[in-house]
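Everything below belongs to start_14.txt, which stores compact mmCIF, C-alpha atoms.
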# COMPACT_ATOMS: atom_id res chain seq x y z
CA MET A 1 -19.56 -5.33 -5.36
CA ASN A 2 -20.56 -6.32 -1.84
CA SER A 3 -21.02 -3.16 0.28
CA LYS A 4 -18.87 -4.36 3.19
CA ILE A 5 -16.02 -5.21 0.84
CA GLU A 6 -16.46 -1.89 -0.94
CA LYS A 7 -16.32 0.00 2.37
CA LEU A 8 -13.13 -1.81 3.36
CA ILE A 9 -11.48 -1.11 -0.01
CA LYS A 10 -12.36 2.59 0.29
CA GLN A 11 -10.74 2.78 3.71
CA PHE A 12 -7.54 1.13 2.48
CA ALA A 13 -7.47 3.32 -0.64
CA LYS A 14 -7.32 6.44 1.58
CA LEU A 15 -4.03 5.32 3.16
CA PRO A 16 -0.81 6.92 1.93
CA ARG A 17 0.93 5.14 -1.00
CA VAL A 18 -2.07 2.83 -1.50
CA GLY A 19 -4.15 3.40 -4.64
CA GLY A 20 -7.52 1.94 -5.59
CA ARG A 21 -6.12 -1.14 -7.34
CA ALA A 22 -3.69 -1.91 -4.52
CA ALA A 23 -6.54 -1.51 -2.00
CA GLN A 24 -8.57 -4.13 -3.93
CA ARG A 25 -5.64 -6.57 -3.89
CA ILE A 26 -5.05 -5.97 -0.17
CA VAL A 27 -8.69 -6.59 0.74
CA LEU A 28 -8.83 -9.73 -1.44
CA ALA A 29 -5.67 -11.08 0.19
CA LEU A 30 -7.00 -10.36 3.69
CA LEU A 31 -10.48 -11.80 3.14
CA GLN A 32 -9.23 -14.90 1.32
CA ASP A 33 -6.56 -15.59 3.92
CA LYS A 34 -7.31 -18.58 6.12
CA THR A 35 -4.85 -17.78 8.91
CA GLY A 36 -6.87 -14.91 10.36
CA ARG A 37 -4.67 -12.05 9.16
CA ALA A 38 -7.62 -9.63 8.93
CA ALA A 39 -8.50 -10.16 12.60
CA MET A 40 -4.84 -9.93 13.67
CA LEU A 41 -4.37 -6.69 11.75
CA ALA A 42 -7.57 -5.28 13.30
CA ALA A 43 -6.40 -6.26 16.80
CA ALA A 44 -2.95 -4.67 16.30
CA LEU A 45 -4.63 -1.50 14.98
CA ILE A 46 -6.98 -1.21 17.95
CA ASP A 47 -4.19 -1.92 20.44
CA ALA A 48 -1.94 0.76 18.90
CA ALA A 49 -4.72 3.33 18.40
CA GLU A 50 -5.80 3.03 22.03
CA THR A 51 -2.38 3.21 23.65
CA ILE A 52 -0.08 5.17 21.34
CA LYS A 53 0.07 8.95 21.75
CA PRO A 54 2.63 11.73 21.17
CA CYS A 55 5.51 11.94 23.66
CA SER A 56 4.95 15.05 25.80
CA ILE A 57 8.57 16.12 25.33
CA CYS A 58 9.64 15.42 21.75
CA GLY A 59 6.35 14.68 19.90
CA CYS A 60 7.41 11.16 18.92
CA LEU A 61 4.74 8.42 19.22
CA ALA A 62 4.92 6.29 22.36
CA ASP A 63 2.76 4.12 24.60
CA SER A 64 3.77 6.13 27.66
CA ASP A 65 3.80 9.85 28.45
CA VAL A 66 7.54 10.08 27.73
CA CYS A 67 9.03 8.10 24.82
CA GLU A 68 11.97 5.70 24.84
CA PHE A 69 14.28 8.31 23.25
CA CYS A 70 13.54 10.93 25.90
CA ARG A 71 13.87 8.37 28.73
CA ASP A 72 17.19 7.02 27.48
CA MET A 73 19.86 8.91 29.47
CA SER A 74 22.64 7.67 27.16
CA ARG A 75 21.06 9.92 24.54
CA ALA A 76 21.56 13.05 26.68
CA ASP A 77 24.71 13.96 24.73
CA GLY A 78 23.93 17.67 24.32
CA ARG A 79 22.64 17.25 20.75
CA LEU A 80 19.06 17.79 19.60
CA CYS A 81 18.04 16.75 16.09
CA ILE A 82 15.00 18.58 14.70
CA VAL A 83 12.98 16.53 12.21
CA ARG A 84 9.66 16.88 10.42
CA ASP A 85 8.07 13.58 11.46
CA LEU A 86 8.59 10.22 13.12
CA GLY A 87 9.30 8.57 9.73
CA ASP A 88 12.42 10.73 9.50
CA VAL A 89 13.44 9.62 13.02
CA TRP A 90 13.17 5.99 11.89
CA THR A 91 15.28 6.72 8.81
CA ILE A 92 18.00 8.37 10.92
CA GLU A 93 17.86 5.61 13.56
CA LYS A 94 18.24 2.95 10.87
CA SER A 95 21.43 4.65 9.64
CA GLY A 96 22.85 4.63 13.18
CA VAL A 97 24.56 7.98 12.49
CA PHE A 98 23.02 9.88 15.42
CA ARG A 99 22.41 8.84 19.02
CA GLY A 100 21.25 12.09 20.64
CA ARG A 101 17.73 13.35 21.27
CA TYR A 102 15.05 14.20 18.71
CA HIS A 103 12.42 16.88 18.39
CA ILE A 104 9.56 16.24 15.98
CA ILE A 105 7.90 19.40 14.77
CA GLY A 106 5.12 17.57 12.90
CA GLY A 107 5.16 19.52 9.63
CA LEU A 108 6.73 22.49 7.87
CA LEU A 109 5.70 26.14 7.63
CA SER A 110 3.90 26.54 4.33
CA ALA A 111 1.95 29.43 2.89
CA ALA A 112 0.50 27.11 0.25
CA ALA A 113 -0.75 24.51 2.76
CA GLY A 114 -1.65 27.22 5.30
CA THR A 115 0.65 25.78 7.98
CA ILE A 116 1.50 28.44 10.59
CA PRO A 117 3.93 28.26 13.56
CA GLU A 118 1.06 27.44 15.94
CA ASP A 119 0.40 24.23 13.97
CA LEU A 120 3.91 22.96 14.67
CA ASN A 121 5.43 21.44 17.82
CA ILE A 122 8.08 24.15 18.30
CA SER A 123 7.04 26.22 21.32
CA ASN A 124 8.95 24.09 23.84
CA ILE A 125 12.24 23.95 21.90
CA PRO A 126 13.84 26.83 23.94
CA ALA A 127 12.85 25.12 27.20
CA ARG A 128 14.31 21.80 26.00
CA ILE A 129 17.58 23.48 25.02
CA ALA A 130 17.87 24.92 28.55
CA ASP A 131 16.57 21.89 30.50
CA GLU A 132 18.55 19.28 28.59
CA LYS A 133 21.71 21.40 28.27
CA ILE A 134 21.65 21.17 24.47
CA ALA A 135 24.89 22.51 22.95
CA GLU A 136 24.08 21.76 19.30
CA VAL A 137 20.77 21.81 17.47
CA ILE A 138 21.00 19.79 14.24
CA PHE A 139 18.37 20.55 11.62
CA ALA A 140 17.46 17.46 9.59
CA LEU A 141 14.44 19.01 7.87
CA PRO A 142 13.73 18.40 4.15
CA ASN A 143 16.13 20.27 1.87
CA THR A 144 13.31 22.35 0.36
CA VAL A 145 12.14 25.96 0.48
CA GLU A 146 9.63 25.03 3.18
CA GLY A 147 12.22 23.09 5.17
CA LYS A 148 14.66 26.02 5.08
CA THR A 149 11.93 28.56 5.92
CA THR A 150 10.95 26.51 8.96
CA GLN A 151 14.59 26.14 9.99
CA HIS A 152 15.16 29.92 9.83
CA PHE A 153 12.00 30.54 11.82
CA ILE A 154 13.15 28.22 14.61
CA ILE A 155 16.70 29.64 14.62
CA ASN A 156 15.26 33.16 15.05
CA LYS A 157 13.32 31.96 18.10
CA VAL A 158 16.25 30.33 19.88
CA GLN A 159 19.11 32.56 18.70
CA GLY A 160 22.12 32.63 20.99
CA ILE A 161 21.26 29.75 23.31
CA ALA A 162 22.79 26.94 21.23
CA ARG A 163 24.96 26.19 18.22
CA PHE A 164 23.11 25.27 15.01
CA SER A 165 23.96 22.95 12.17
CA GLU A 166 22.16 21.51 9.16
CA LEU A 167 22.74 18.40 7.05
CA ALA A 168 25.20 18.85 4.17
CA SER A 169 23.82 19.32 0.65
CA GLY A 170 25.36 17.63 -2.37
CA VAL A 171 25.45 14.69 -4.71
CA PRO A 172 24.09 11.54 -2.96
CA LEU A 173 26.32 8.44 -2.75
CA GLY A 174 25.97 6.47 -5.97
CA GLY A 175 24.27 9.51 -7.47
CA ASP A 176 24.78 9.74 -11.23
CA LEU A 177 25.25 13.38 -12.31
CA ASP A 178 22.75 12.73 -15.12
CA TYR A 179 20.01 12.48 -12.53
CA ILE A 180 21.01 15.37 -10.27
CA ASP A 181 18.97 18.56 -10.51
CA ASP A 182 20.71 21.88 -11.30
CA GLY A 183 20.18 23.27 -7.79
CA THR A 184 21.92 20.33 -6.12
CA LEU A 185 24.72 20.42 -8.70
CA SER A 186 25.23 24.12 -8.11
CA ILE A 187 25.48 23.61 -4.33
CA ALA A 188 27.81 20.64 -4.83
CA PHE A 189 30.14 22.86 -6.91
CA ASP A 190 29.97 25.80 -4.49
CA GLU A 191 30.73 23.57 -1.51
CA ARG A 192 33.31 21.38 -3.25
CA LYS A 193 36.02 19.95 -1.00
CA GLN A 194 39.71 19.88 -1.66
CA ILE A 195 41.13 16.35 -1.90
CA MET B 1 10.97 1.82 17.72
CA ASN B 2 7.98 1.17 19.99
CA SER B 3 7.10 -2.54 19.85
CA LYS B 4 3.37 -1.99 19.19
CA ILE B 5 4.14 0.34 16.30
CA GLU B 6 6.73 -2.11 14.99
CA LYS B 7 4.20 -4.97 15.10
CA LEU B 8 1.65 -2.92 13.22
CA ILE B 9 4.18 -1.91 10.55
CA LYS B 10 5.19 -5.57 10.09
CA GLN B 11 1.56 -6.58 9.54
CA PHE B 12 1.00 -3.84 6.95
CA ALA B 13 4.29 -4.68 5.22
CA LYS B 14 3.04 -8.24 4.59
CA LEU B 15 0.08 -6.98 2.54
CA PRO B 16 0.31 -7.18 -1.27
CA ARG B 17 1.78 -4.09 -2.99
CA VAL B 18 2.83 -2.58 0.36
CA GLY B 19 6.56 -2.46 1.09
CA GLY B 20 8.34 -1.66 4.35
CA ARG B 21 8.60 2.09 3.71
CA ALA B 22 4.96 2.37 2.65
CA ALA B 23 3.92 0.39 5.75
CA GLN B 24 5.77 2.93 7.95
CA ARG B 25 4.00 5.85 6.24
CA ILE B 26 0.61 4.11 6.55
CA VAL B 27 1.06 3.43 10.27
CA LEU B 28 2.27 6.99 10.90
CA ALA B 29 -0.75 8.41 9.05
CA LEU B 30 -3.16 6.17 10.97
CA LEU B 31 -1.68 6.81 14.42
CA GLN B 32 -1.32 10.56 13.91
CA ASP B 33 -4.84 10.92 12.51
CA LYS B 34 -7.24 12.62 14.89
CA THR B 35 -10.49 11.50 13.21
CA GLY B 36 -10.28 7.89 14.40
CA ARG B 37 -9.33 6.30 11.07
CA ALA B 38 -7.38 3.47 12.74
CA ALA B 39 -10.43 2.42 14.77
CA MET B 40 -12.74 2.72 11.73
CA LEU B 41 -10.42 0.61 9.62
CA ALA B 42 -10.20 -2.00 12.38
CA ALA B 43 -14.00 -2.09 12.70
CA ALA B 44 -14.50 -2.49 8.93
CA LEU B 45 -11.90 -5.29 8.89
CA ILE B 46 -13.56 -7.18 11.73
CA ASP B 47 -17.02 -6.76 10.22
CA ALA B 48 -15.87 -8.06 6.82
CA ALA B 49 -13.71 -10.87 8.22
CA GLU B 50 -16.60 -12.19 10.32
CA THR B 51 -19.32 -12.08 7.66
CA ILE B 52 -17.68 -12.43 4.24
CA LYS B 53 -17.19 -15.94 2.83
CA PRO B 54 -17.00 -17.59 -0.61
CA CYS B 55 -20.26 -17.92 -2.56
CA SER B 56 -21.17 -21.62 -2.60
CA ILE B 57 -21.88 -21.48 -6.34
CA CYS B 58 -19.27 -19.30 -8.03
CA GLY B 59 -16.56 -18.83 -5.36
CA CYS B 60 -16.96 -15.04 -5.27
CA LEU B 61 -16.86 -13.37 -1.82
CA ALA B 62 -20.26 -12.53 -0.32
CA ASP B 63 -21.96 -11.92 3.01
CA SER B 64 -24.59 -14.56 2.23
CA ASP B 65 -24.39 -18.19 1.07
CA VAL B 66 -25.10 -17.17 -2.54
CA CYS B 67 -23.56 -13.96 -3.95
CA GLU B 68 -25.28 -11.07 -5.70
CA PHE B 69 -24.12 -12.25 -9.15
CA CYS B 70 -25.56 -15.75 -8.71
CA ARG B 71 -28.85 -14.39 -7.27
CA ASP B 72 -29.32 -11.85 -10.11
CA MET B 73 -31.63 -13.60 -12.62
CA SER B 74 -30.95 -10.94 -15.28
CA ARG B 75 -27.46 -12.44 -15.42
CA ALA B 76 -28.76 -15.89 -16.42
CA ASP B 77 -27.98 -15.20 -20.09
CA GLY B 78 -26.41 -18.57 -20.86
CA ARG B 79 -22.85 -17.26 -20.54
CA LEU B 80 -20.33 -18.25 -17.88
CA CYS B 81 -17.08 -16.33 -17.55
CA ILE B 82 -14.23 -18.23 -15.90
CA VAL B 83 -11.76 -16.02 -14.04
CA ARG B 84 -8.82 -16.54 -11.72
CA ASP B 85 -9.97 -14.37 -8.83
CA LEU B 86 -12.45 -11.80 -7.60
CA GLY B 87 -10.14 -8.93 -8.56
CA ASP B 88 -10.58 -9.99 -12.20
CA VAL B 89 -14.38 -10.01 -11.74
CA TRP B 90 -14.16 -6.41 -10.49
CA THR B 91 -12.03 -5.42 -13.49
CA ILE B 92 -14.55 -6.95 -15.94
CA GLU B 93 -17.53 -5.46 -14.07
CA LYS B 94 -15.94 -2.02 -14.20
CA SER B 95 -15.62 -2.26 -17.99
CA GLY B 96 -19.32 -3.16 -18.28
CA VAL B 97 -18.50 -5.49 -21.20
CA PHE B 98 -20.06 -8.64 -19.69
CA ARG B 99 -23.32 -9.14 -17.78
CA GLY B 100 -23.50 -12.93 -17.47
CA ARG B 101 -22.42 -15.21 -14.62
CA TYR B 102 -18.90 -15.73 -13.25
CA HIS B 103 -16.97 -18.70 -11.96
CA ILE B 104 -13.91 -17.99 -9.84
CA ILE B 105 -11.39 -20.81 -9.85
CA GLY B 106 -9.14 -19.21 -7.24
CA GLY B 107 -5.76 -19.79 -8.88
CA LEU B 108 -4.02 -21.42 -11.84
CA LEU B 109 -2.52 -24.89 -12.32
CA SER B 110 1.21 -24.52 -11.77
CA ALA B 111 3.94 -27.11 -11.47
CA ALA B 112 6.27 -24.43 -10.07
CA ALA B 113 3.88 -23.33 -7.32
CA GLY B 114 2.60 -26.89 -6.82
CA THR B 115 -1.02 -25.97 -7.59
CA ILE B 116 -3.00 -29.07 -8.59
CA PRO B 117 -6.63 -29.35 -9.86
CA GLU B 118 -7.88 -30.20 -6.35
CA ASP B 119 -6.65 -26.77 -5.14
CA LEU B 120 -8.92 -24.98 -7.61
CA ASN B 121 -12.68 -24.36 -7.54
CA ILE B 122 -13.43 -26.28 -10.75
CA SER B 123 -15.23 -29.49 -9.74
CA ASN B 124 -18.73 -28.00 -9.96
CA ILE B 125 -18.29 -26.34 -13.39
CA PRO B 126 -19.99 -29.26 -15.28
CA ALA B 127 -22.97 -29.14 -12.87
CA ARG B 128 -23.26 -25.35 -13.31
CA ILE B 129 -23.20 -25.66 -17.12
CA ALA B 130 -26.11 -28.15 -16.92
CA ASP B 131 -28.11 -26.45 -14.12
CA GLU B 132 -27.80 -22.92 -15.45
CA LYS B 133 -28.19 -23.90 -19.14
CA ILE B 134 -24.82 -22.37 -20.04
CA ALA B 135 -24.36 -22.20 -23.84
CA GLU B 136 -20.99 -20.44 -23.86
CA VAL B 137 -18.07 -20.67 -21.45
CA ILE B 138 -15.79 -17.64 -21.80
CA PHE B 139 -12.26 -18.05 -20.46
CA ALA B 140 -10.88 -14.78 -19.10
CA LEU B 141 -7.81 -16.31 -17.45
CA PRO B 142 -4.38 -14.64 -17.62
CA ASN B 143 -2.77 -14.89 -21.07
CA THR B 144 0.15 -16.93 -19.70
CA VAL B 145 1.37 -20.52 -19.95
CA GLU B 146 -0.32 -21.29 -16.64
CA GLY B 147 -3.56 -19.60 -17.69
CA LYS B 148 -3.66 -21.57 -20.94
CA THR B 149 -2.77 -24.86 -19.20
CA THR B 150 -5.61 -24.36 -16.74
CA GLN B 151 -7.99 -23.47 -19.57
CA HIS B 152 -7.13 -26.66 -21.48
CA PHE B 153 -7.57 -28.75 -18.35
CA ILE B 154 -11.07 -27.34 -17.75
CA ILE B 155 -12.06 -27.73 -21.43
CA ASN B 156 -11.03 -31.40 -21.29
CA LYS B 157 -13.31 -31.91 -18.27
CA VAL B 158 -16.42 -30.32 -19.80
CA GLN B 159 -15.88 -31.17 -23.48
CA GLY B 160 -19.04 -31.30 -25.57
CA ILE B 161 -21.52 -29.76 -23.13
CA ALA B 162 -20.94 -26.09 -24.05
CA ARG B 163 -19.25 -23.79 -26.56
CA PHE B 164 -15.92 -22.30 -25.46
CA SER B 165 -14.28 -18.99 -26.16
CA GLU B 166 -11.28 -17.05 -24.87
CA LEU B 167 -10.36 -13.37 -24.85
CA ALA B 168 -8.60 -12.10 -28.00
CA SER B 169 -4.80 -11.62 -27.89
CA GLY B 170 -3.08 -8.64 -29.48
CA VAL B 171 -1.76 -5.12 -29.12
CA PRO B 172 -3.60 -3.25 -26.33
CA LEU B 173 -5.41 0.01 -27.15
CA GLY B 174 -2.91 2.86 -27.00
CA GLY B 175 -0.15 0.24 -27.00
CA ASP B 176 3.08 1.51 -28.50
CA LEU B 177 4.81 -1.23 -30.52
CA ASP B 178 8.07 -0.29 -28.83
CA TYR B 179 6.72 -1.69 -25.59
CA ILE B 180 5.04 -4.84 -26.90
CA ASP B 181 6.80 -8.14 -26.29
CA ASP B 182 7.72 -10.41 -29.23
CA GLY B 183 5.11 -13.06 -28.35
CA THR B 184 2.23 -10.56 -28.39
CA LEU B 185 3.53 -9.01 -31.60
CA SER B 186 3.74 -12.41 -33.25
CA ILE B 187 0.13 -13.23 -32.25
CA ALA B 188 -1.02 -9.79 -33.40
CA PHE B 189 0.53 -10.46 -36.85
CA ASP B 190 -0.84 -13.99 -37.12
CA GLU B 191 -4.35 -12.86 -36.19
CA ARG B 192 -4.30 -9.60 -38.15
CA LYS B 193 -7.67 -8.40 -39.43
CA GLN B 194 -8.45 -7.15 -42.92
CA ILE B 195 -9.65 -3.52 -42.92
Would you write out, as structure tokens, the structure that this file holds?
Amino acid sequence: MNSKIEKLIKQFAKLPRVGGRAAQRIVLALLQDKTGRAAMLAAALIDAAETIKPCSICGCLADSDVCEFCRDMSRADGRLCIVRDLGDVWTIEKSGVFRGRYHIIGGLLSAAAGTIPEDLNISNIPARIADEKIAEVIFALPNTVEGKTTQHFIINKVQGIARFSELASGVPLGGDLDYIDDGTLSIAFDERKQI
Amino acid sequence: MNSKIEKLIKQFAKLPRVGGRAAQRIVLALLQDKTGRAAMLAAALIDAAETIKPCSICGCLADSDVCEFCRDMSRADGRLCIVRDLGDVWTIEKSGVFRGRYHIIGGLLSAAAGTIPEDLNISNIPARIADEKIAEVIFALPNTVEGKTTQHFIINKVQGIARFSELASGVPLGGDLDYIDDGTLSIAFDERKQI
């Protein structure tokens, strides 16, 4: 295989959710395209890589020092949603269920992965709670051991200066009980609601 | 969402085998990476897009007028393998089962997709058979109606000047009969081998 093509395939294959075969198909499609998609993709990449950086307040990616969420005063509703990464912000935004402010911690505490508190964007959470008059901190971290560990760690740091909540656990909408794990089922029973 | 990030996600989402969610994860990984992967990917894309073009003989992608396969005299073994695209060449090369020359036709005849003979790289096949003293033309096109239609069309054009063969049909290695379609099973019975 041509070395330039090989190099390009290797770079695509390193991207998340792209395997070796998909990388080959992507590179073939780009190099055989006659509308200049490869050059357009390269230009968009360079433009974003040069201008996009983390928001100094919430850690979200932005092309200015402070992101659109933190600038938007209509979002100053006293609620701060703590998420793992920007992908989770996009998921929540798409649902339209929350219109307050976000705080992206950029990972989860993990003994296995060696992630310690200093690796996460959490040191300025107490200052944000005070400065932005946050009444409720909503944890929207993954519903896993690492997510809960991280949540407890943050709560211990900011105890007493705000109210805390976390997303409800249970059977997802459309969720067939056949496919629900025992842990979720157990929580769904424990937290059952009267109807 | 930031417009530059959104533009980049849209471009990734148009690539084969990459959906909207995967495109978001890819862009997040690239923009949060601190080792400059976005810039490296952009540079590799630009380098390949500017220098890679189809080989004038076989249609394979190369950074010179004639590709490495067509230049390699050890491959002049009298066999020409006709494939749909370069991805199929890579698959065959990886298996190591064939070391002759390739001819990439760049698609398949299809009434549904409106692909006509003039859209395919087939006009110079007779000249190649004569010039390169091809004794056997091996069809390695997809085992579909469109693949077989295209194969018959090419055979009609070059009738009499070479021997033709096609890949065997049957149950794949490790193939569980439960998962084999009726057509393949029927061929596998018809072409059963005595043991």
So that each row is one residue of chain B with an atom at most 9 Å from chain A, can you give its shortest atom pair and the distance in Å to one decimal, using all atoms listed in the file, rows by chain and rising number, as CSV?
residue,atom,partner,partner_atom,distance
B:Met1,CA,A:Trp90,CA,7.5
B:Asn2,CA,A:Ala62,CA,6.4
B:Lys4,CA,A:Ala48,CA,6.0
B:Ile5,CA,A:Ala48,CA,6.6
B:Lys7,CA,A:Ala44,CA,7.3
B:Leu8,CA,A:Ala44,CA,5.8
B:Gln11,CA,A:Leu41,CA,6.3
B:Phe12,CA,A:Leu41,CA,7.7
B:Leu15,CA,A:Ile26,CA,5.9
B:Pro16,CA,A:Ile26,CA,5.6
B:Arg17,CA,A:Ala22,CA,6.1
B:Val18,CA,A:Val18,CA,7.5
B:Arg21,CA,A:Gly87,CA,8.9
B:Ala22,CA,A:Arg17,CA,6.1
B:Ala23,CA,A:Arg17,CA,8.8
B:Gln24,CA,A:Gly87,CA,6.9
B:Arg25,CA,A:Pro16,CA,6.5
B:Ile26,CA,A:Pro16,CA,5.6
B:Val27,CA,A:Leu45,CA,8.9
B:Leu28,CA,A:Gly87,CA,7.3
B:Ala29,CA,A:Pro16,CA,7.3
B:Leu30,CA,A:Leu15,CA,7.9
B:Leu31,CA,A:Ala49,CA,6.1
B:Gln32,CA,A:Lys53,CA,8.1
B:Gly36,CA,A:Ala49,CA,8.2
B:Arg37,CA,A:Gln11,CA,8.3
B:Ala38,CA,A:Leu45,CA,6.1
B:Ala39,CA,A:Ile46,CA,5.9
B:Met40,CA,A:Gln11,CA,8.3
B:Leu41,CA,A:Gln11,CA,6.3
B:Ala42,CA,A:Ala42,CA,4.3
B:Ala43,CA,A:Ala42,CA,7.2
B:Ala44,CA,A:Leu8,CA,5.8
B:Leu45,CA,A:Ala38,CA,6.1
B:Ile46,CA,A:Ala39,CA,5.9
B:Asp47,CA,A:Lys4,CA,7.7
B:Ala48,CA,A:Lys4,CA,6.0
B:Ala49,CA,A:Leu31,CA,6.1
B:Glu50,CA,A:Ala39,CA,8.7
B:Thr51,CA,A:Lys4,CA,8.9
B:Ile52,CA,A:Leu31,CA,7.3
B:Lys53,CA,A:Leu31,CA,7.9
B:Pro54,CA,A:Gln32,CA,8.4
B:Leu61,CA,A:Asn2,CA,8.0
B:Ala62,CA,A:Asn2,CA,6.4
B:Asp63,CA,A:Asn2,CA,7.5
B:Cys67,CA,A:Asn2,CA,8.5
B:Glu68,CA,A:Asn2,CA,7.7
B:Asp85,CA,A:Leu28,CA,8.8
B:Leu86,CA,A:Leu28,CA,7.4
B:Gly87,CA,A:Gln24,CA,6.9
B:Trp90,CA,A:Met1,CA,7.5
B:Glu93,CA,A:Met1,CA,8.9
How many Å lie between atom CA of Ile138 of chain A and atom CA of Tyr179 of chain A, rounded to one decimal?
27.8 Å
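A straight line drawn from atom CA of Asp88 of chain A to atom CA of Leu141 of chain A is 8.7 Å long.
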Looking at only C-alpha atoms, which of A:Ser123, A:Gln151, A:Gln159, A:Ser165 is the one that sits closest to Arg84 of chain A?
A:Gln151
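Residues lying within 8 Å of Ser56 of chain B, counting only C-alpha atoms and ignoring same-chain neighbours fewer than 2 positions away, are Pro54, Cys58, Gly59, Asp65 and Val66 of chain B.
Take atom CA of Ala140 of chain A and atom CA of Ile82 of chain A: the distance between them is 5.8 Å.
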What's around Lys157 of chain B at 12 Å? Count only C-alpha atoms, leave out sequence neighbours fewer than 5 positions away in its own chain, and write the answer as an mmCIF file with C-alpha atoms, keeping the file's coordinate frame.
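Final file, part-v9.cif:
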data_model
loop_
_atom_site.group_PDB
_atom_site.id
_atom_site.type_symbol
_atom_site.label_atom_id
_atom_site.label_comp_id
_atom_site.auth_asym_id
_atom_site.auth_seq_id
_atom_site.Cartn_x
_atom_site.Cartn_y
_atom_site.Cartn_z
ATOM 1 C CA PRO B 117 -6.630 -29.350 -9.860
ATOM 2 C CA ILE B 122 -13.430 -26.280 -10.750
ATOM 3 C CA SER B 123 -15.230 -29.490 -9.740
ATOM 4 C CA ASN B 124 -18.730 -28.000 -9.960
ATOM 5 C CA ILE B 125 -18.290 -26.340 -13.390
ATOM 6 C CA PRO B 126 -19.990 -29.260 -15.280
ATOM 7 C CA ALA B 127 -22.970 -29.140 -12.870
ATOM 8 C CA ILE B 129 -23.200 -25.660 -17.120
ATOM 9 C CA THR B 150 -5.610 -24.360 -16.740
ATOM 10 C CA GLN B 151 -7.990 -23.470 -19.570
ATOM 11 C CA HIS B 152 -7.130 -26.660 -21.480
ATOM 12 C CA ALA B 162 -20.940 -26.090 -24.050
#
Residues at most 9 Å from Pro142 of chain B, counting all atoms listed in the file, excluding those fewer than 3 positions away in the same chain, as a list in words?
Val83, Arg84, Leu108, Val145, Glu146, Gly147 and Lys148 of chain B
